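Q: Structure: target.cif, mmCIF, C-alpha atoms and all ligand atoms.
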data_protein
loop_
_atom_site.label_atom_id
_atom_site.label_comp_id
_atom_site.auth_asym_id
_atom_site.auth_seq_id
_atom_site.Cartn_x
_atom_site.Cartn_y
_atom_site.Cartn_z
CA MET A 27 0.00 0.00 0.00
CA GLN A 28 1.35 3.37 -0.91
CA ASN A 29 1.91 6.04 1.64
CA THR A 30 -0.77 8.63 1.03
CA GLN A 31 -0.69 12.33 1.55
CA ALA A 32 -4.04 12.87 -0.17
CA ARG A 33 -6.31 15.44 1.41
CA ALA A 34 -9.30 14.45 3.50
CA VAL A 35 -12.47 13.74 1.54
CA ARG A 36 -15.74 15.24 2.74
CA ALA A 37 -18.57 12.75 2.86
CA PHE A 38 -21.84 11.82 4.54
CA TYR A 39 -21.82 8.72 6.68
CA PHE A 40 -24.91 6.54 7.10
CA ASP A 41 -24.75 3.76 9.68
CA GLY A 42 -27.07 1.53 7.65
CA LYS A 43 -29.56 1.24 10.56
CA THR A 44 -30.96 4.73 10.90
CA SER A 45 -31.46 7.39 8.27
CA TYR A 46 -29.32 9.82 10.22
CA ARG A 47 -26.72 11.55 8.10
CA TYR A 48 -23.35 12.24 9.73
CA THR A 49 -20.98 14.72 8.15
CA VAL A 50 -17.50 13.23 8.18
CA GLU A 51 -14.08 13.32 6.56
CA LEU A 52 -12.43 10.28 5.05
CA THR A 53 -8.69 9.75 5.08
CA VAL A 54 -6.55 6.77 4.21
CA ALA A 55 -3.22 5.88 5.78
CA ALA A 56 -1.24 2.67 5.70
CA GLY A 57 -4.11 0.74 4.15
CA ILE A 58 -6.60 1.83 6.79
CA ALA A 59 -9.55 4.08 5.99
CA SER A 60 -10.54 6.39 8.81
CA ILE A 61 -13.57 8.59 9.12
CA SER A 62 -13.69 11.44 11.58
CA GLY A 63 -16.13 14.22 12.41
CA GLU A 64 -19.71 13.49 13.55
CA ALA A 65 -18.90 9.78 13.43
CA GLN A 66 -15.68 7.84 13.84
CA ARG A 67 -14.68 4.49 12.52
CA GLN A 68 -11.81 2.69 10.88
CA ALA A 69 -11.64 -0.20 8.48
CA PRO A 70 -8.99 -1.89 6.33
CA LEU A 71 -9.29 -0.75 2.73
CA GLU A 72 -9.89 -4.24 1.40
CA GLU A 73 -13.11 -4.48 3.41
CA LEU A 74 -14.57 -1.47 1.64
CA ARG A 75 -16.48 -1.61 -1.58
CA VAL A 76 -16.34 1.42 -3.84
CA SER A 77 -19.41 1.79 -6.01
CA GLU A 78 -18.99 1.84 -9.74
CA ARG A 79 -18.70 5.33 -11.02
CA VAL A 80 -21.64 6.43 -13.06
CA SER A 81 -20.95 9.82 -14.58
CA SER A 82 -22.13 12.71 -12.40
CA ALA A 83 -23.84 10.39 -9.91
CA THR A 84 -22.60 10.27 -6.34
CA ARG A 85 -20.16 7.60 -5.33
CA LYS A 86 -20.66 5.29 -2.43
CA VAL A 87 -18.18 3.51 -0.22
CA THR A 88 -19.76 0.63 1.62
CA PHE A 89 -18.47 -1.02 4.80
CA ALA A 90 -18.73 -4.74 5.42
CA ASP A 91 -21.65 -4.24 7.83
CA GLY A 92 -23.71 -2.24 5.35
CA ALA A 93 -22.87 1.23 6.68
CA TYR A 94 -21.79 3.54 3.90
CA LEU A 95 -20.34 6.85 2.90
CA GLU A 96 -21.76 9.16 0.28
CA ILE A 97 -18.88 11.13 -1.11
CA ILE A 98 -19.42 14.90 -1.29
CA ASP A 99 -16.05 15.92 -2.66
CA LEU A 100 -15.71 13.77 -5.76
CA ASP A 101 -12.45 15.31 -7.02
CA ALA A 102 -10.69 14.71 -3.72
CA PHE A 103 -12.05 11.19 -3.67
CA ALA A 104 -10.72 10.52 -7.17
CA GLU A 105 -7.30 11.70 -6.00
CA LEU A 106 -7.55 9.47 -2.97
CA LEU A 107 -8.42 6.46 -5.11
CA ALA A 108 -5.58 7.17 -7.47
CA SER A 109 -3.10 7.49 -4.59
CA THR A 110 -4.24 4.17 -3.10
CA GLY A 111 -3.86 2.42 -6.42
CA HIS A 112 -7.56 1.69 -6.73
CA ALA A 113 -8.42 0.97 -10.31
CA ASP A 114 -11.89 1.06 -11.70
CA SER A 115 -12.91 -2.20 -13.28
CA LEU A 116 -12.81 -2.34 -17.04
CA VAL A 117 -16.59 -2.27 -17.14
CA VAL A 118 -16.69 0.96 -15.15
CA ARG A 119 -14.10 2.61 -17.28
CA MET A 120 -15.99 1.63 -20.40
CA GLN A 121 -19.24 2.92 -18.97
CA GLN A 122 -17.63 6.30 -18.46
CA SER A 123 -17.18 6.91 -22.12
CA TRP A 124 -20.00 6.93 -24.62
CA ARG A 125 -17.55 6.11 -27.32
CA SER A 126 -16.62 2.98 -25.43
CA VAL A 127 -20.28 2.17 -24.95
CA GLY A 128 -20.73 2.23 -28.70
CA GLN A 129 -17.69 0.04 -29.16
CA ALA A 130 -18.89 -2.35 -26.48
CA ALA A 131 -22.27 -2.65 -28.16
CA GLY A 132 -20.56 -3.24 -31.48
CA ALA A 133 -18.33 -5.88 -29.94
CA LEU A 134 -21.33 -7.52 -28.31
CA VAL A 135 -23.18 -7.69 -31.61
CA LEU A 136 -20.08 -9.11 -33.25
CA ILE A 137 -19.72 -11.76 -30.54
CA LEU A 138 -23.41 -12.59 -30.93
CA VAL A 139 -23.14 -12.88 -34.67
CA LEU A 140 -20.05 -15.07 -34.49
CA GLY A 141 -21.61 -17.15 -31.74
CA TYR A 142 -24.72 -17.46 -33.84
CA LEU A 143 -22.88 -18.45 -36.97
CA TYR A 144 -20.41 -20.89 -35.44
CA LEU A 145 -21.16 -21.74 -31.83
CA LEU A 146 -24.90 -22.08 -31.93
CA PRO A 147 -25.06 -24.43 -34.92
CA ALA A 148 -22.67 -26.76 -33.09
CA ALA A 149 -24.49 -26.38 -29.77
CA SER A 150 -27.86 -26.93 -31.40
CA GLY A 151 -26.48 -30.10 -32.95
CA TRP A 152 -25.49 -31.42 -29.53
CA ILE A 153 -28.82 -30.42 -28.04
CA ALA A 154 -30.78 -31.93 -30.94
CA ASN A 155 -28.87 -35.18 -30.60
CA ALA A 156 -29.45 -35.25 -26.85
CA LEU A 157 -33.19 -34.61 -27.11
CA PRO A 158 -35.34 -37.63 -26.36
CA GLU A 159 -37.17 -39.04 -29.35
CA SER A 160 -40.48 -38.33 -27.65
CA VAL A 161 -39.83 -34.58 -27.95
CA GLU A 162 -39.13 -34.88 -31.67
CA ARG A 163 -42.22 -37.02 -32.15
CA LYS A 164 -44.35 -34.49 -30.32
CA ILE A 165 -43.02 -31.51 -32.30
CA GLY A 166 -43.34 -33.36 -35.61
CA GLY A 167 -46.77 -34.69 -34.73
CA SER A 168 -48.23 -31.34 -33.78
CA THR A 169 -46.74 -29.70 -36.86
CA LEU A 170 -48.42 -32.31 -39.05
CA ASP A 171 -51.73 -31.87 -37.17
CA PHE A 172 -51.48 -28.14 -37.71
CA LEU A 173 -50.86 -28.56 -41.44
CA ASP A 174 -53.57 -31.20 -41.76
CA GLU A 175 -56.11 -28.79 -40.36
CA ARG A 176 -55.17 -25.91 -42.61
CA VAL A 177 -53.22 -26.91 -45.68
CA PHE A 178 -53.52 -30.61 -46.34
CA SER A 179 -56.21 -33.08 -47.19
CA ALA A 180 -56.02 -36.82 -47.76
CA SER A 181 -53.88 -37.88 -50.70
CA THR A 182 -55.70 -38.68 -53.93
CA LEU A 183 -52.82 -40.78 -55.26
CA PRO A 184 -53.88 -44.40 -55.81
CA PRO A 185 -52.85 -46.46 -52.75
CA SER A 186 -50.92 -48.77 -55.04
CA GLN A 187 -48.78 -45.86 -56.26
CA GLN A 188 -48.16 -44.69 -52.70
CA ALA A 189 -47.14 -48.21 -51.72
CA SER A 190 -44.82 -48.63 -54.67
CA ILE A 191 -43.04 -45.32 -54.05
CA ASP A 192 -42.68 -46.26 -50.39
CA SER A 193 -41.35 -49.75 -51.05
CA ARG A 194 -39.03 -48.55 -53.77
CA PHE A 195 -37.43 -46.01 -51.47
CA ARG A 196 -37.24 -48.48 -48.59
CA ALA A 197 -35.50 -50.98 -50.86
CA LEU A 198 -32.61 -48.55 -51.26
CA GLU A 199 -29.54 -49.24 -49.17
CA PRO A 200 -28.85 -46.39 -46.71
CA PRO A 201 -25.52 -44.62 -47.24
CA ARG A 202 -22.52 -45.36 -45.05
CA GLN A 203 -23.58 -42.83 -42.39
CA GLY A 204 -26.79 -44.75 -41.76
CA ALA A 205 -30.43 -43.73 -42.00
CA PRO A 206 -32.85 -42.38 -39.40
CA ARG A 207 -36.26 -43.87 -38.79
CA PHE A 208 -38.77 -42.39 -41.25
CA GLN A 209 -42.24 -42.70 -42.72
CA ILE A 210 -43.30 -41.35 -46.07
CA ILE A 211 -46.59 -39.50 -45.79
CA PHE A 212 -48.63 -38.49 -48.82
CA ARG A 213 -50.94 -35.50 -48.72
CA LYS A 214 -52.91 -33.44 -51.17
CA SER A 215 -51.97 -29.85 -50.53
CA LYS A 216 -53.19 -26.34 -51.07
CA ILE A 217 -49.60 -25.19 -51.36
CA GLY A 218 -48.68 -27.13 -54.46
CA PRO A 219 -45.63 -29.33 -55.11
CA ASN A 220 -43.64 -29.73 -51.93
CA ALA A 221 -41.69 -32.14 -49.78
CA PHE A 222 -40.24 -31.70 -46.31
CA ALA A 223 -39.11 -33.72 -43.34
CA LEU A 224 -40.47 -33.24 -39.82
CA PRO A 225 -38.44 -34.05 -36.68
CA SER A 226 -40.79 -36.98 -36.01
CA GLY A 227 -39.34 -38.74 -39.06
CA ASP A 228 -42.34 -37.96 -41.25
CA ILE A 229 -41.28 -37.13 -44.78
CA VAL A 230 -44.28 -35.38 -46.25
CA VAL A 231 -44.67 -35.49 -50.03
CA THR A 232 -47.52 -33.72 -51.75
CA ASP A 233 -49.53 -35.32 -54.55
CA GLU A 234 -48.68 -32.29 -56.63
CA LEU A 235 -44.95 -33.01 -56.40
CA VAL A 236 -45.41 -36.68 -57.31
CA ARG A 237 -47.47 -35.74 -60.37
CA LEU A 238 -45.18 -32.93 -61.35
CA LEU A 239 -41.99 -35.01 -61.30
CA ASP A 240 -43.80 -37.91 -62.89
CA ASP A 241 -40.59 -39.87 -62.53
CA ASP A 242 -39.79 -42.39 -59.82
CA ASP A 243 -36.02 -41.82 -59.94
CA ALA A 244 -36.51 -38.10 -59.56
CA LEU A 245 -38.80 -38.70 -56.63
CA MET A 246 -36.17 -40.98 -55.04
CA GLY A 247 -33.75 -38.04 -55.27
CA VAL A 248 -36.15 -35.75 -53.42
CA LEU A 249 -36.78 -38.38 -50.76
CA ALA A 250 -33.06 -39.05 -50.29
CA HIS A 251 -32.47 -35.32 -49.90
CA GLU A 252 -35.21 -35.11 -47.26
CA LEU A 253 -33.81 -38.16 -45.48
CA GLY A 254 -30.52 -36.26 -45.38
CA HIS A 255 -32.26 -33.37 -43.60
CA LEU A 256 -33.65 -35.88 -41.10
CA HIS A 257 -30.32 -37.58 -40.63
CA GLN A 258 -28.70 -34.24 -39.75
CA ARG A 259 -31.71 -33.16 -37.66
CA HIS A 260 -31.74 -29.89 -39.59
CA LEU A 261 -35.20 -28.73 -38.66
CA MET A 262 -34.75 -29.55 -34.98
CA ARG A 263 -31.46 -27.68 -34.90
CA ARG A 264 -33.06 -24.72 -36.61
CA LEU A 265 -35.86 -24.66 -34.05
CA ILE A 266 -33.37 -24.80 -31.18
CA GLN A 267 -31.37 -21.97 -32.70
CA VAL A 268 -34.35 -19.75 -33.26
CA SER A 269 -35.60 -20.21 -29.71
CA ALA A 270 -32.11 -19.81 -28.23
CA VAL A 271 -31.59 -16.57 -30.09
CA GLY A 272 -34.95 -15.24 -29.01
CA ALA A 273 -34.16 -16.06 -25.38
CA THR A 274 -30.60 -14.72 -25.53
CA ALA A 275 -31.61 -11.51 -27.25
CA THR A 276 -34.31 -10.87 -24.66
CA LEU A 277 -31.83 -11.54 -21.85
CA LEU A 278 -29.16 -9.29 -23.28
CA PHE A 279 -31.13 -6.47 -24.76
CA GLY A 280 -34.48 -6.55 -23.06
CA ASP A 281 -36.99 -5.46 -25.64
CA VAL A 282 -35.05 -2.29 -26.40
CA SER A 283 -32.97 -3.58 -29.24
CA ALA A 284 -35.27 -5.92 -31.07
CA LEU A 285 -33.83 -4.48 -34.23
CA VAL A 286 -30.25 -5.37 -33.33
CA ALA A 287 -31.33 -8.79 -32.19
CA SER A 288 -32.90 -9.48 -35.56
CA ILE A 289 -29.63 -9.04 -37.44
CA PRO A 290 -27.92 -12.31 -36.50
CA PRO A 291 -30.88 -14.50 -37.54
CA LEU A 292 -30.90 -12.82 -40.94
CA LEU A 293 -27.19 -13.36 -41.40
CA LEU A 294 -27.49 -16.91 -40.28
CA ASP A 295 -30.26 -17.74 -42.69
CA LEU A 296 -28.12 -16.70 -45.62
CA LYS A 297 -25.31 -19.00 -44.62
CA TYR A 298 -27.12 -21.78 -42.88
CA SER A 299 -29.79 -22.47 -45.44
CA ARG A 300 -27.21 -22.92 -48.17
CA ASP A 301 -25.10 -25.18 -45.96
CA ILE A 302 -27.95 -27.40 -44.88
CA GLU A 303 -29.15 -27.80 -48.45
CA LEU A 304 -25.66 -28.88 -49.52
CA GLU A 305 -25.46 -31.28 -46.55
CA ALA A 306 -28.76 -32.85 -47.52
CA ASP A 307 -27.56 -33.06 -51.13
CA ASP A 308 -24.39 -34.82 -49.98
CA TYR A 309 -26.50 -37.39 -48.20
CA ALA A 310 -28.59 -37.94 -51.32
CA ILE A 311 -25.40 -38.24 -53.40
CA ALA A 312 -24.01 -40.85 -50.99
CA MET A 313 -27.27 -42.76 -51.06
CA PHE A 314 -27.46 -42.80 -54.87
CA LYS A 315 -23.82 -43.92 -55.10
CA THR A 316 -24.34 -46.67 -52.53
CA ASN A 317 -27.16 -48.03 -54.66
CA GLY A 318 -25.36 -47.61 -57.95
CA ILE A 319 -27.91 -45.15 -59.30
CA SER A 320 -26.45 -42.61 -61.69
CA LEU A 321 -26.09 -39.18 -60.13
CA THR A 322 -27.16 -37.75 -63.45
CA ARG A 323 -30.62 -38.87 -62.37
CA LEU A 324 -30.26 -36.82 -59.18
CA ALA A 325 -29.04 -33.77 -61.08
CA LEU A 326 -32.00 -34.15 -63.43
CA THR A 327 -34.35 -33.99 -60.44
CA PHE A 328 -33.07 -30.58 -59.50
CA GLU A 329 -32.92 -29.41 -63.08
CA LYS A 330 -36.53 -30.43 -63.44
CA LEU A 331 -37.49 -28.54 -60.29
CA ASP A 332 -35.33 -25.62 -61.37
CA SER A 333 -37.13 -25.31 -64.67
CA LEU A 334 -40.41 -24.64 -62.91
CA PRO A 335 -41.56 -21.05 -62.63
CA ALA A 336 -40.84 -20.09 -59.00
CA ALA A 337 -44.38 -18.91 -58.44
CA PHE A 338 -45.65 -22.32 -59.47
CA SER A 339 -43.55 -24.26 -57.01
CA PRO A 340 -43.33 -23.36 -53.34
CA TYR A 341 -40.79 -26.18 -53.16
CA LEU A 342 -38.36 -23.80 -54.78
CA SER A 343 -38.69 -21.19 -52.08
CA THR A 344 -37.64 -23.68 -49.40
CA HIS A 345 -35.25 -25.65 -51.60
CA PRO A 346 -33.67 -23.33 -54.08
CA PRO A 347 -32.26 -25.62 -56.75
CA SER A 348 -29.31 -23.84 -58.17
CA GLN A 349 -26.68 -24.44 -60.74
CA GLU A 350 -24.19 -24.74 -57.88
CA ARG A 351 -26.02 -27.73 -56.44
CA ILE A 352 -26.42 -29.41 -59.83
CA ASP A 353 -22.73 -28.88 -60.58
CA ARG A 354 -21.77 -30.43 -57.26
CA ILE A 355 -23.85 -33.50 -57.96
CA LEU A 356 -22.35 -33.96 -61.41
CA LYS A 357 -18.87 -33.46 -60.00
CA ALA A 358 -19.49 -36.18 -57.40
CA GLN A 359 -20.57 -38.45 -60.25
CA ALA A 360 -17.19 -37.95 -61.91
CA GLU A 361 -15.30 -38.82 -58.71
ZN ZN B 401 -33.64 -29.32 -48.53
#
Give the structure from the file, written as structure tokens.
A:
Amino acid sequence: MQNTQARAVRAFYFDGKTSYRYTVELTVAAGIASISGEAQRQAPLEELRVSERVSSATRKVTFADGAYLEIIDLDAFAELLASTGHADSLVVRMQQSWRSVGQAAGALVLILVLGYLYLLPAASGWIANALPESVERKIGGSTLDFLDERVFSASTLPPSQQASIDSRFRALEPPRQGAPRFQIIFRKSKIGPNAFALPSGDIVVTDELVRLLDDDDALMGVLAHELGHLHQRHLMRRLIQVSAVGATATLLFGDVSALVASIPPLLLDLKYSRDIELEADDYAIAMFKTNGISLTRLALTFEKLDSLPAAFSPYLSTHPPSQERIDRILKAQAE
């Protein structure tokens, strides 16, 4: 502890039990704080807690028993702190400058974005894998109920066609990485040609998509791609991420910065949706290769879907077939 010659600091002393305000002076010597005047007491410096400095607000020095000083002479107190080697915490120093506040907010957003892009996808993968199957079944089941009430009606495909699509896909060998449990579910839909996989293992295929592709190989490609989504638990991970971000944003920002909080999800969607589509494609590629089916057939599936006017196929809005994906499939064929 440094020897201090700092001047006495005028302050009010409150004993923490009554509201009486004592006018005192605070001095520090040899690591001991002493107050004198209307009240007297001494305490080792390390037992005192100095409140964080909030610009222009009063500063408080609190004793271990809850008694406290309200500093009157802030300049003298600052000198005293400096002479005793007291350093404000980094947080306090940052709070004292608006510029720093801006930088801190920027850094926080950056950390959030990076966490969202890299940490959360990994974490959501662990969480999704750890979730009991019953949770996935429940989420998938209620999603299907919801859609059945509003968007779907019973399939009008002949049962024999449904059965043959189902048995043809089931006859395929799963790729090396294995296959999750699944059921193919046919529905007539108000939303046109579509296919998607629910966490419950339900791969929903609309009549409109079956009729549109009019090609069993092409349909196998779509199913294999959806099985890839299931295998990677893409939808479940997405759900976990969305809810985690909502919760984290609320915790961190309250409802003040809803705007800021909405940036990371947007960024993520750009990256994540492309990545998960490619992952699902890779699974489909592996499955076709395992079964000795030409990948040209798989590429044709996406070319066929790609040639549809976007407005005609909502499948395109969730699964943007792109030249990049087709090129990847054809490249894998050459390997
Ligand atoms: Zn997809």
Q: Within 9 Å of ligand ZN 401 (chain B) (counting all atoms listed in the file), which residues show up? I'd like them as a count of residues only.
A: 18
Q: Step by step: start from the point (-32.7, -39.1, -40.7) in the file's coordinates, keep every protein, DNA or RNA residue that has an atom no farther than 8 Å from it, count all atoms listed in the file, and write the set as a list in words.
A: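 So the residues meeting the distance criterion are Ala205, Pro206, Arg207, Phe208, Gly227, Leu253, Gly254, His255, Leu256, His257, Gln258 and Arg259 of chain A.
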Q: Selected residues, C-alpha atoms, written as a PDB file, in the frame of the given file, please.
A:
ATOM      1  CA  ALA A 205     -30.430 -43.730 -42.000  1.00  0.00           C
ATOM      2  CA  PRO A 206     -32.850 -42.380 -39.400  1.00  0.00           C
ATOM      3  CA  ARG A 207     -36.260 -43.870 -38.790  1.00  0.00           C
ATOM      4  CA  PHE A 208     -38.770 -42.390 -41.250  1.00  0.00           C
ATOM      5  CA  GLY A 227     -39.340 -38.740 -39.060  1.00  0.00           C
ATOM      6  CA  LEU A 253     -33.810 -38.160 -45.480  1.00  0.00           C
ATOM      7  CA  GLY A 254     -30.520 -36.260 -45.380  1.00  0.00           C
ATOM      8  CA  HIS A 255     -32.260 -33.370 -43.600  1.00  0.00           C
ATOM      9  CA  LEU A 256     -33.650 -35.880 -41.100  1.00  0.00           C
ATOM     10  CA  HIS A 257     -30.320 -37.580 -40.630  1.00  0.00           C
ATOM     11  CA  GLN A 258     -28.700 -34.240 -39.750  1.00  0.00           C
ATOM     12  CA  ARG A 259     -31.710 -33.160 -37.660  1.00  0.00           C
TER      13      ARG A 259
END
Q: Enter the distance from CA of Ile165 in chain A to CA of Leu224 in chain A, in Å, rounded to one decimal.
A: 8.1 Å
Q: May I ask for the distance between CA of Arg354 in chain A and CA of Asn317 in chain A, given in Å to one decimal place?
A: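 Those two atoms sit 18.6 Å apart.
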Q: Which neighbours of Leu235 in chain A fall inside 12 Å, counting only C-alpha atoms, when residues of the same chain fewer than 4 positions from it are skipped, and could you give them as a PDB file with C-alpha atoms, in the frame of the given file?
A:
ATOM      1  CA  SER A 181     -53.880 -37.880 -50.700  1.00  0.00           C
ATOM      2  CA  LEU A 183     -52.820 -40.780 -55.260  1.00  0.00           C
ATOM      3  CA  PHE A 212     -48.630 -38.490 -48.820  1.00  0.00           C
ATOM      4  CA  ARG A 213     -50.940 -35.500 -48.720  1.00  0.00           C
ATOM      5  CA  LYS A 214     -52.910 -33.440 -51.170  1.00  0.00           C
ATOM      6  CA  SER A 215     -51.970 -29.850 -50.530  1.00  0.00           C
ATOM      7  CA  LYS A 216     -53.190 -26.340 -51.070  1.00  0.00           C
ATOM      8  CA  ILE A 217     -49.600 -25.190 -51.360  1.00  0.00           C
ATOM      9  CA  GLY A 218     -48.680 -27.130 -54.460  1.00  0.00           C
ATOM     10  CA  PRO A 219     -45.630 -29.330 -55.110  1.00  0.00           C
ATOM     11  CA  ASN A 220     -43.640 -29.730 -51.930  1.00  0.00           C
ATOM     12  CA  ALA A 221     -41.690 -32.140 -49.780  1.00  0.00           C
ATOM     13  CA  PHE A 222     -40.240 -31.700 -46.310  1.00  0.00           C
ATOM     14  CA  VAL A 230     -44.280 -35.380 -46.250  1.00  0.00           C
ATOM     15  CA  VAL A 231     -44.670 -35.490 -50.030  1.00  0.00           C
ATOM     16  CA  LEU A 239     -41.990 -35.010 -61.300  1.00  0.00           C
ATOM     17  CA  ASP A 240     -43.800 -37.910 -62.890  1.00  0.00           C
ATOM     18  CA  ASP A 241     -40.590 -39.870 -62.530  1.00  0.00           C
ATOM     19  CA  ASP A 242     -39.790 -42.390 -59.820  1.00  0.00           C
ATOM     20  CA  ALA A 244     -36.510 -38.100 -59.560  1.00  0.00           C
ATOM     21  CA  LEU A 245     -38.800 -38.700 -56.630  1.00  0.00           C
ATOM     22  CA  MET A 246     -36.170 -40.980 -55.040  1.00  0.00           C
ATOM     23  CA  VAL A 248     -36.150 -35.750 -53.420  1.00  0.00           C
ATOM     24  CA  LEU A 249     -36.780 -38.380 -50.760  1.00  0.00           C
ATOM     25  CA  THR A 327     -34.350 -33.990 -60.440  1.00  0.00           C
ATOM     26  CA  LYS A 330     -36.530 -30.430 -63.440  1.00  0.00           C
ATOM     27  CA  LEU A 331     -37.490 -28.540 -60.290  1.00  0.00           C
ATOM     28  CA  LEU A 334     -40.410 -24.640 -62.910  1.00  0.00           C
ATOM     29  CA  PHE A 338     -45.650 -22.320 -59.470  1.00  0.00           C
ATOM     30  CA  SER A 339     -43.550 -24.260 -57.010  1.00  0.00           C
ATOM     31  CA  PRO A 340     -43.330 -23.360 -53.340  1.00  0.00           C
ATOM     32  CA  TYR A 341     -40.790 -26.180 -53.160  1.00  0.00           C
ATOM     33  CA  LEU A 342     -38.360 -23.800 -54.780  1.00  0.00           C
TER      34      LEU A 342
END
Q: Grab the CA of Arg196 in chain A to CA of Leu326 in chain A distance for me, in Å with one decimal place.
A: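 Between these atoms lies a distance of 21.3 Å.
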Q: Tell me which of A:Val76, A:Leu238, A:Ile137, A:Val50 sits closest to Asp99 in chain A, counting only C-alpha atoms.
A: A:Val50
Q: With all atoms listed in the file as the atoms that count, which of A:Leu140, A:Leu52, A:Ile210, A:Leu356 lies nearest to Thr232 in chain A?
A: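 The answer is A:Ile210, which sits nearest to Thr232 in chain A.
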Q: Which one is closest to Ala149 in chain A: A:Met262, A:Ile211, A:Ala250, A:Val161? Count all atoms listed in the file.
A: A:Met262
Q: Using only C-alpha atoms, determine which residues lie at most 9 Å from Ser348 in chain A, disregarding the query and same-chain residues fewer than 6 positions distant; provide the list as a list in words.
A: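 Counting only the stated atoms, we get Phe328, Glu329 and Asp332 of chain A.
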Q: Which neighbours of Ile311 in chain A fall inside 9 Å, counting all atoms listed in the file, when residues of the same chain fewer than 3 positions from it are skipped, and could you give them as a PDB file with C-alpha atoms, in the coordinates of the input?
A:
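Generated file (around34.pdb):
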ATOM      1  CA  PRO A 201     -25.520 -44.620 -47.240  1.00  0.00           C
ATOM      2  CA  GLY A 247     -33.750 -38.040 -55.270  1.00  0.00           C
ATOM      3  CA  ALA A 250     -33.060 -39.050 -50.290  1.00  0.00           C
ATOM      4  CA  HIS A 251     -32.470 -35.320 -49.900  1.00  0.00           C
ATOM      5  CA  ALA A 306     -28.760 -32.850 -47.520  1.00  0.00           C
ATOM      6  CA  ASP A 307     -27.560 -33.060 -51.130  1.00  0.00           C
ATOM      7  CA  ASP A 308     -24.390 -34.820 -49.980  1.00  0.00           C
ATOM      8  CA  PHE A 314     -27.460 -42.800 -54.870  1.00  0.00           C
ATOM      9  CA  LYS A 315     -23.820 -43.920 -55.100  1.00  0.00           C
ATOM     10  CA  THR A 316     -24.340 -46.670 -52.530  1.00  0.00           C
ATOM     11  CA  LEU A 321     -26.090 -39.180 -60.130  1.00  0.00           C
ATOM     12  CA  LEU A 324     -30.260 -36.820 -59.180  1.00  0.00           C
ATOM     13  CA  ILE A 355     -23.850 -33.500 -57.960  1.00  0.00           C
ATOM     14  CA  ALA A 358     -19.490 -36.180 -57.400  1.00  0.00           C
ATOM     15  CA  GLN A 359     -20.570 -38.450 -60.250  1.00  0.00           C
TER      16      GLN A 359
END
Q: Which residue out of A:Ile229, A:Arg75, A:Ala312, A:Arg263 has the minimum interatomic distance to Thr88 in chain A when all atoms listed in the file are used?
A: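 Once distances to Thr88 in chain A are computed over all atoms listed in the file, the minimum belongs to A:Arg75.
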Q: May I ask which of the residues A:Glu199, A:Ile266, A:Pro225, A:Arg300 is the closest one to Glu162 in chain A, counting all atoms listed in the file?
A: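 Checking each candidate against Glu162 in chain A, we get A:Pro225 as the closest.
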Q: With only C-alpha atoms as the basis for distance, which of A:Ala154, A:Met313, A:Ala325, A:Leu146 is at the shortest distance from His260 in chain A?
A: A:Ala154
Q: For Leu170 in chain A, please output as a list of chain:residue names all residues within 10 Å (counting only C-alpha atoms; exclusion window: fewer than 6 positions along the same chain).
A: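 Using only C-alpha atoms, the neighbours found are A:Lys164, A:Arg176, A:Val177, A:Phe178, A:Leu224, A:Ser226, A:Asp228, A:Val230.
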Q: Could range 165-172 of chain A be completed with N, CA, C and O atoms and written as a compact mmCIF listing (two decimals), in the frame of the given file, please?
A:
# COMPACT_ATOMS: atom_id res chain seq x y z
N ILE A 165 -43.14 -32.71 -31.46
CA ILE A 165 -43.02 -31.51 -32.30
C ILE A 165 -43.46 -31.83 -33.73
O ILE A 165 -44.24 -31.09 -34.34
N GLY A 166 -42.96 -32.96 -34.25
CA GLY A 166 -43.34 -33.36 -35.61
C GLY A 166 -44.83 -33.62 -35.72
O GLY A 166 -45.49 -33.18 -36.66
N GLY A 167 -45.35 -34.32 -34.71
CA GLY A 167 -46.77 -34.69 -34.73
C GLY A 167 -47.67 -33.47 -34.69
O GLY A 167 -48.62 -33.36 -35.47
N SER A 168 -47.34 -32.50 -33.84
CA SER A 168 -48.23 -31.34 -33.78
C SER A 168 -48.08 -30.46 -35.00
O SER A 168 -49.04 -29.81 -35.41
N THR A 169 -46.89 -30.45 -35.61
CA THR A 169 -46.74 -29.70 -36.86
C THR A 169 -47.63 -30.30 -37.95
O THR A 169 -48.32 -29.59 -38.68
N LEU A 170 -47.61 -31.64 -38.03
CA LEU A 170 -48.42 -32.31 -39.05
C LEU A 170 -49.92 -32.07 -38.79
O LEU A 170 -50.68 -31.80 -39.72
N ASP A 171 -50.33 -32.15 -37.51
CA ASP A 171 -51.73 -31.87 -37.17
C ASP A 171 -52.12 -30.47 -37.63
O ASP A 171 -53.19 -30.26 -38.22
N PHE A 172 -51.24 -29.53 -37.34
CA PHE A 172 -51.48 -28.14 -37.71
C PHE A 172 -51.68 -28.01 -39.22
O PHE A 172 -52.62 -27.38 -39.70
